Structures are given as structure tokens and as C-alpha cells.
Amino acid sequence: MRLVHLSDDWAGLGGVHYVPEGMENFETDQGKTELNKLNIQLVDKLRSSDNAFSLGESTDGVACIRCVKF
């Protein structure tokens with residue numbers, strides 16, 4: 001998990017990217033696409049058990065996991 005910066009209008013706790021081992025550098029378009037897919041899938045799974053999680057976008061334009069509570 002990697003902490004990410006969200007826009008100032010997000011009032012929740014924050015956001016993270018799930019970045020699997022070996023995918024630390026996702027600067028290419030293909031890398032961002034793969035990272036987006038993974039994070040979207042993870043949000044879908046998390047939301048099925050707790051609606052505190054939602055899909056967001058970090059300031060670098062990559063999908064991220066947002067949380068509104070602990």
C-alpha cells in the first residue's frame with residue numbers, strides 16, 4: 001500500500017494505491033492501466049463487505065482506494 005494525495009475536496013481519511021511487489025514503477029501508460037485495474041478490483045471487493053471504501057483518483061491520475069472511517 002502506498003499513501004496518495006487526494007484533491008482538497010475529499011473529507012475522508014485518505015487514500016492509498018495498492019502496488020504489488022515488482023510493480024513499484026508504474027510511470028508508463030501500460031503500468032498505470034494495470035495499476036488502475038488492480039485498484040478498481042480491490043475497491044469492488046472491499047465495498048462488498050464495508051461501504052466505507054470507495055474508488056477515487058489520486059492527484060497523479062491513478063485510481064486509488066479511499067476510506068471514510070477507521
# chains A, B, ... in the order shown; residues from 1 in each chain; ligands from 1
call {"tool": "select_by_dssp", "arguments": {"residues": "chain A", "states": "strand (DSSP E or B)", "output": "list of chain:residue names"}}
result
A:Arg2, A:Leu3, A:Val4, A:Gly14, A:Gly15, A:Val16, A:His17, A:Phe53, A:Ser54, A:Leu55, A:Gly56, A:Glu57, A:Ala63, A:Cys64, A:Ile65, A:Arg66, A:Cys67
call {"tool": "select_by_dssp", "arguments": {"residues": "chain A", "states": "alpha helix (DSSP H)", "output": "PyMOL selection string"}}
result
chain A and resi 29-47
call {"tool": "residues_around", "arguments": {"residues": "Tyr18 in chain A", "least_positions_apart": "3", "cutoff": "8 Å", "atoms": "only C-alpha atoms", "output": "list in words"}}
result
Met1, Arg2, Leu35, Leu38, Asn39, Cys64 and Ile65 of chain A
call {"tool": "residues_around", "arguments": {"residues": "range 47-54 of chain A", "least_positions_apart": "6", "cutoff": "8 Å", "atoms": "only C-alpha atoms", "output": "list of chain:residue names"}}
result
A:Ile65, A:Arg66, A:Cys67, A:Val68, A:Lys69
